[in-house]
$ cat work39.cif   # mmCIF, C-alpha atoms
data_final
#
loop_
_atom_site.label_atom_id
_atom_site.label_comp_id
_atom_site.auth_asym_id
_atom_site.auth_seq_id
_atom_site.Cartn_x
_atom_site.Cartn_y
_atom_site.Cartn_z
CA MET A 116 -46.92 52.66 53.10
CA ALA A 117 -43.25 52.17 52.28
CA LEU A 118 -41.18 49.01 52.43
CA LYS A 119 -38.19 48.88 54.72
CA HIS A 120 -36.19 46.31 52.81
CA GLU A 121 -36.28 43.45 50.34
CA PRO A 122 -34.38 40.16 50.76
CA ILE A 123 -31.46 40.56 48.38
CA ALA A 124 -30.66 36.87 47.85
CA GLN A 125 -34.28 36.00 47.01
CA HIS A 126 -34.56 39.01 44.73
CA HIS A 127 -31.45 38.06 42.77
CA SER A 128 -32.53 34.43 42.51
CA VAL A 129 -35.94 35.38 41.15
CA GLN A 130 -34.47 37.93 38.74
CA HIS A 131 -32.12 35.27 37.37
CA ALA A 132 -35.00 32.79 37.06
CA LEU A 133 -37.11 35.36 35.19
CA ARG A 134 -34.20 35.99 32.84
CA VAL A 135 -34.01 32.26 32.09
CA LEU A 136 -37.77 31.97 31.57
CA GLU A 137 -37.81 34.97 29.24
CA THR A 138 -35.08 33.37 27.13
CA VAL A 139 -36.86 30.00 26.97
CA ALA A 140 -40.18 31.63 26.06
CA ARG A 141 -38.58 33.87 23.43
CA ARG A 142 -36.81 31.00 21.68
CA GLY A 143 -39.98 28.91 21.55
CA VAL A 144 -38.40 25.90 19.80
CA GLY A 145 -36.13 25.07 22.72
CA VAL A 146 -32.80 26.23 24.06
CA THR A 147 -29.86 24.25 25.47
CA ASP A 148 -28.25 24.96 28.81
CA THR A 149 -25.12 26.19 26.99
CA GLU A 150 -27.20 28.63 24.95
CA LEU A 151 -29.03 29.72 28.10
CA SER A 152 -25.73 30.41 29.83
CA ASN A 153 -24.51 32.46 26.87
CA GLU A 154 -27.73 34.46 26.49
CA THR A 155 -28.41 35.11 30.18
CA GLY A 156 -24.82 35.58 31.27
CA LEU A 157 -25.32 33.10 34.12
CA PRO A 158 -22.45 30.69 34.81
CA ALA A 159 -23.13 26.96 34.85
CA ASP A 160 -22.83 26.69 38.64
CA ARG A 161 -25.63 29.26 39.00
CA LEU A 162 -27.72 28.14 36.04
CA THR A 163 -27.82 24.41 36.87
CA PRO A 164 -29.63 24.71 40.24
CA LEU A 165 -31.97 27.32 38.74
CA LEU A 166 -32.96 24.96 35.93
CA ARG A 167 -33.41 22.14 38.44
CA MET A 168 -35.82 24.32 40.44
CA LEU A 169 -37.66 25.54 37.33
CA ARG A 170 -38.13 21.96 36.12
CA ARG A 171 -39.36 20.80 39.53
CA GLU A 172 -41.91 23.63 39.65
CA GLY A 173 -43.08 22.99 36.08
CA TYR A 174 -41.87 26.29 34.61
CA VAL A 175 -39.66 24.56 32.03
CA GLU A 176 -39.49 21.05 30.60
CA HIS A 177 -36.52 19.09 29.33
CA ALA A 178 -37.29 17.96 25.79
CA SER A 179 -36.06 14.68 24.34
CA ASP A 180 -33.35 16.48 22.37
CA GLY A 181 -31.93 17.98 25.58
CA ALA A 182 -33.29 21.48 25.01
CA TYR A 183 -35.46 23.37 27.49
CA VAL A 184 -38.97 24.44 26.53
CA THR A 185 -41.83 26.21 28.28
CA GLY A 186 -43.48 24.11 30.98
CA GLU A 187 -47.13 23.75 31.97
CA THR A 188 -46.91 26.02 35.01
CA LEU A 189 -45.43 28.91 33.03
CA THR A 190 -48.01 28.45 30.29
CA SER A 191 -50.91 28.55 32.75
CA LEU A 192 -49.58 31.53 34.70
CA GLY A 193 -48.78 33.44 31.54
CA SER A 194 -52.37 33.27 30.36
CA ALA A 195 -54.86 35.89 31.52
CA GLN A 196 -57.63 33.30 31.46
CA GLY A 197 -57.76 31.45 34.74
CA ARG A 198 -54.57 33.05 36.05
CA ALA A 199 -55.89 33.37 39.60
CA ASP A 200 -56.82 29.68 39.78
CA ALA A 201 -53.54 28.68 38.14
CA LEU A 202 -51.56 30.78 40.63
CA THR A 203 -53.41 29.28 43.59
CA SER A 204 -52.80 25.76 42.31
CA SER A 205 -49.13 26.43 41.59
CA LEU A 206 -48.56 27.96 45.02
CA GLN A 207 -50.37 25.10 46.75
CA ARG A 208 -48.16 22.52 45.04
CA THR A 209 -45.10 24.47 46.12
CA LEU A 210 -46.37 24.77 49.71
CA ASP A 211 -47.12 21.04 49.80
CA ARG A 212 -43.57 20.26 48.66
CA LEU A 213 -42.12 22.66 51.22
CA ARG A 214 -44.20 21.02 53.96
CA GLU A 215 -42.71 17.66 53.08
CA THR A 216 -39.19 19.11 52.85
CA VAL A 217 -39.19 20.99 56.16
CA GLY A 218 -41.43 18.53 58.02
CA ALA A 219 -43.75 21.24 59.29
CA ALA A 220 -46.99 23.01 58.45
CA VAL A 221 -46.29 25.87 56.01
CA TYR A 222 -48.21 29.11 55.56
CA LEU A 223 -48.29 31.88 52.95
CA SER A 224 -49.46 35.26 54.21
CA ARG A 225 -49.91 38.73 52.71
CA TYR A 226 -50.31 42.19 54.19
CA VAL A 227 -53.36 43.59 52.41
CA ASP A 228 -55.15 46.87 53.18
CA GLY A 229 -53.44 47.13 56.53
CA GLU A 230 -54.31 43.62 57.68
CA ILE A 231 -52.61 40.21 57.91
CA ARG A 232 -54.14 37.51 55.75
CA ILE A 233 -53.17 33.84 55.65
CA THR A 234 -53.89 33.18 51.99
CA GLN A 235 -52.82 29.52 51.76
CA PHE A 236 -51.29 26.82 53.92
CA ALA A 237 -50.19 23.20 53.76
CA GLN A 238 -50.61 20.74 56.61
CA GLY A 239 -50.73 16.98 57.07
CA PRO A 240 -51.45 14.28 59.66
CA THR A 241 -47.93 14.59 61.11
CA THR A 242 -47.60 18.32 60.41
CA PRO A 243 -50.78 19.93 61.77
CA ALA A 244 -51.42 23.63 61.41
CA VAL A 245 -51.23 25.79 64.51
CA ASN A 246 -54.46 26.30 66.43
CA GLU A 247 -55.47 29.88 65.61
CA TRP A 248 -56.82 30.53 69.08
CA VAL A 249 -56.36 34.29 68.56
CA ASP A 250 -57.03 35.82 65.14
CA PHE A 251 -53.69 36.35 63.39
CA ARG A 252 -54.89 39.81 62.39
CA SER A 253 -54.74 40.79 66.05
CA ALA A 254 -51.51 38.97 66.86
CA ALA A 255 -48.87 40.52 64.61
CA HIS A 256 -46.80 41.45 67.66
CA ALA A 257 -46.71 37.84 68.87
CA SER A 258 -46.45 35.69 65.73
CA ALA A 259 -43.53 35.03 63.41
CA ILE A 260 -45.79 35.77 60.45
CA GLY A 261 -46.88 39.08 61.90
CA LYS A 262 -43.41 40.20 62.89
CA SER A 263 -42.07 39.27 59.44
CA LEU A 264 -44.80 41.32 57.75
CA LEU A 265 -44.41 44.28 60.10
CA GLY A 266 -40.65 44.12 59.62
CA GLN A 267 -41.10 44.86 55.93
CA LEU A 268 -43.03 48.07 56.61
CA ASP A 269 -41.53 51.44 57.39
CA LEU A 270 -41.89 52.92 60.87
CA ASN A 271 -45.11 54.76 60.06
CA GLY A 272 -46.65 51.58 58.67
CA ARG A 273 -45.73 49.62 61.78
CA ARG A 274 -47.07 52.27 64.13
CA ASP A 275 -50.28 52.52 62.14
CA HIS A 276 -50.84 48.78 62.46
CA LEU A 277 -50.07 48.70 66.17
CA SER A 278 -52.37 51.65 66.78
CA ARG A 279 -55.24 49.58 65.42
CA HIS A 280 -54.37 46.32 67.20
CA LYS A 281 -53.69 46.25 70.93
CA MET A 282 -50.56 44.30 71.88
CA ALA A 283 -52.28 41.81 74.15
CA ARG A 284 -50.29 39.36 76.29
CA LEU A 285 -51.02 35.94 74.78
CA THR A 286 -48.35 34.01 76.71
CA SER A 287 -45.71 34.86 79.29
CA ARG A 288 -43.26 35.36 76.41
CA THR A 289 -45.36 37.84 74.40
CA ILE A 290 -43.82 41.26 73.79
CA THR A 291 -46.38 43.87 74.84
CA ASN A 292 -44.16 46.96 74.89
CA GLU A 293 -44.39 48.81 71.54
CA ARG A 294 -40.96 50.40 71.89
CA VAL A 295 -39.32 47.02 72.55
CA LEU A 296 -41.12 45.43 69.57
CA LEU A 297 -40.21 48.26 67.19
CA SER A 298 -36.58 48.07 68.33
CA ARG A 299 -36.45 44.32 67.67
CA LEU A 300 -38.10 44.69 64.28
CA ASP A 301 -35.59 47.37 63.31
CA ALA A 302 -32.68 45.15 64.38
CA GLN A 303 -33.95 42.07 62.53
CA PRO A 304 -31.64 41.24 59.56
CA ALA A 305 -33.54 40.88 56.28
CA THR A 306 -31.88 37.54 55.52
CA VAL A 307 -32.53 35.90 58.92
CA PRO A 308 -35.86 34.15 59.62
CA VAL A 309 -38.09 35.72 62.28
CA LEU A 310 -38.81 33.34 65.18
CA ASP A 311 -41.76 32.95 67.53
CA LEU A 312 -40.74 30.93 70.60
CA GLN A 313 -44.12 30.32 72.26
CA GLU A 314 -45.03 34.01 72.01
CA TYR A 315 -48.31 33.34 70.19
CA ALA A 316 -49.26 30.01 71.72
CA VAL A 317 -47.82 27.83 74.47
CA GLY A 318 -46.54 24.58 72.97
CA THR A 319 -45.82 26.00 69.48
CA VAL A 320 -42.75 27.54 67.86
CA CYS A 321 -42.77 29.24 64.47
CA ALA A 322 -40.49 30.87 61.92
CA ALA A 323 -41.16 33.19 59.00
CA VAL A 324 -39.23 34.65 56.07
CA PRO A 325 -40.24 37.67 53.96
CA ILE A 326 -41.74 37.25 50.51
CA THR A 327 -41.63 40.68 48.88
CA ALA A 328 -42.66 41.10 45.24
CA GLY A 329 -42.59 44.74 44.20
CA SER A 330 -44.82 46.69 46.58
CA SER A 331 -46.56 43.53 47.78
CA VAL A 332 -45.63 42.47 51.33
CA GLY A 333 -45.80 38.78 52.20
CA ALA A 334 -44.28 36.10 54.37
CA LEU A 335 -43.70 32.37 54.24
CA ALA A 336 -43.88 30.65 57.61
CA LEU A 337 -43.80 27.28 59.38
CA SER A 338 -44.96 26.00 62.74
CA LEU A 339 -43.76 23.14 64.93
CA PRO A 340 -44.93 21.68 68.23
CA ILE A 341 -42.61 22.50 71.12
CA GLU A 342 -41.24 18.94 71.22
CA HIS A 343 -39.70 19.61 67.80
CA ALA A 344 -38.25 22.99 68.76
CA HIS A 345 -34.74 21.60 68.26
CA ARG A 346 -35.51 21.44 64.50
CA LEU A 347 -36.72 25.02 64.23
CA HIS A 348 -33.53 26.74 63.08
CA HIS A 349 -32.71 24.09 60.48
CA ALA A 350 -36.32 24.02 59.24
CA ALA A 351 -36.36 27.83 59.03
CA ASP A 352 -33.15 27.88 56.99
CA THR A 353 -34.58 25.21 54.67
CA LEU A 354 -37.77 27.24 54.28
CA ASN A 355 -35.73 30.34 53.50
CA ARG A 356 -33.78 28.52 50.79
CA GLY A 357 -36.99 27.13 49.32
CA ALA A 358 -38.82 30.46 49.18
CA ALA A 359 -37.72 31.39 45.65
CA PRO A 360 -40.42 29.34 43.82
CA VAL A 361 -43.13 31.09 45.84
CA LEU A 362 -41.71 34.52 45.08
CA LEU A 363 -41.28 33.57 41.42
CA SER A 364 -44.95 32.58 41.11
CA LEU A 365 -45.98 35.92 42.59
CA ALA A 366 -43.60 37.85 40.32
CA ILE A 367 -44.66 36.34 36.98
#
$ encode --input "work39.cif" --output "structure tokens"
Amino acid sequence: MALKHEPIAQHHSVQHALRVLETVARRGVGVTDTELSNETGLPADRLTPLLRMLRREGYVEHASDGAYVTGETLTSLGSAQGRADALTSSLQRTLDRLRETVGAAVYLSRYVDGEIRITQFAQGPTTPAVNEWVDFRSAAHASAIGKSLLGQLDLNGRRDHLSRHKMARLTSRTITNERVLLSRLDAQPATVPVLDLQEYAVGTVCAAVPITAGSSVGALALSLPIEHAHRLHHAADTLNRGAAPVLLSLAI
């Protein structure tokens, strides 16, 4: 299976963040923002928001002398012992924050061994998760998550998936023609969130953005009840901008 594309903005953001983290970890005793700028080559207007994000996610800490040192999250993820549990916990905290920021249930999915898997999600009393009335593994053609994941595969990968999962009509808006779906996937810009406007379930709208780390295909998604459909585009853009911490956790 080959990947079709990788979101350039996310990739650059994560690469810059990794460069900062490598510098902080290498120095050990702490490094100032000026020193970080000099050593990483990142200008202040790019470095400042990166450091803000890294502090919020616990990757770095601001010491009393003003220098940056390794944070708890980076320490836990950098250790082989308990890495899986640490990664799950780190991702869940990030998903919970994203849920509060976008005001919607948030989901992290991966494409593993030819199947869609929702690996983690964050919901709340006012942001309930979508009712999975049809298994997401069988609904890639109708869901924002599925279309985002399929969109990251090459043509052979997409056709292989669709050959194993019938494109059933779930609502009146569901695309059931393979040629139409493949055409839309091919035309979908990598930097624009994929939308599901009641294609999976009546009364629910969703959006998803790709989370690609190396050869690993993933997606970050949100769902809203139809009465909040007017917030979908803004929420999707906010989710897209907030995807970097998730990708960073997967990349470390």
$ closest_residue --input "work39.cif" --among "A:Ala255, A:Ala219, A:Val227, A:Ala316" --to "A:Arg273" --atoms "all atoms listed in the file"
A:Ala255
$ resolve_selection --input "work39.cif" --expression "the PyMOL selection byres ((chain A and resi 270-272) around 12)" --output "ChimeraX atom specification"
/A:116-120,226,228-230,264-269,273-279,293-294,296-298,300-301,332
$ closest_residue --input "work39.cif" --among "A:Asp352, A:Gly261, A:Ala199, A:Pro158" --to "A:Ile367" --atoms "all atoms listed in the file"
A:Ala199
$ atom_distance --input "work39.cif" --atom1 "atom CA of A:Thr190" --atom2 "atom CA of A:Thr138"
14.2 Å
$ residues_near_point --input "work39.cif" --point "(-41.2, 22.8, 57.5)" --cutoff "8 Å" --atoms "all atoms listed in the file" --output "ChimeraX atom specification"
/A:213-221,337-339,350-351,353-354
$ residues_around --input "work39.cif" --residues "A:Thr286" --least-positions-apart "4" --cutoff "7 Å" --atoms "all atoms listed in the file" --output "number ranges by chain"
A: 314-317
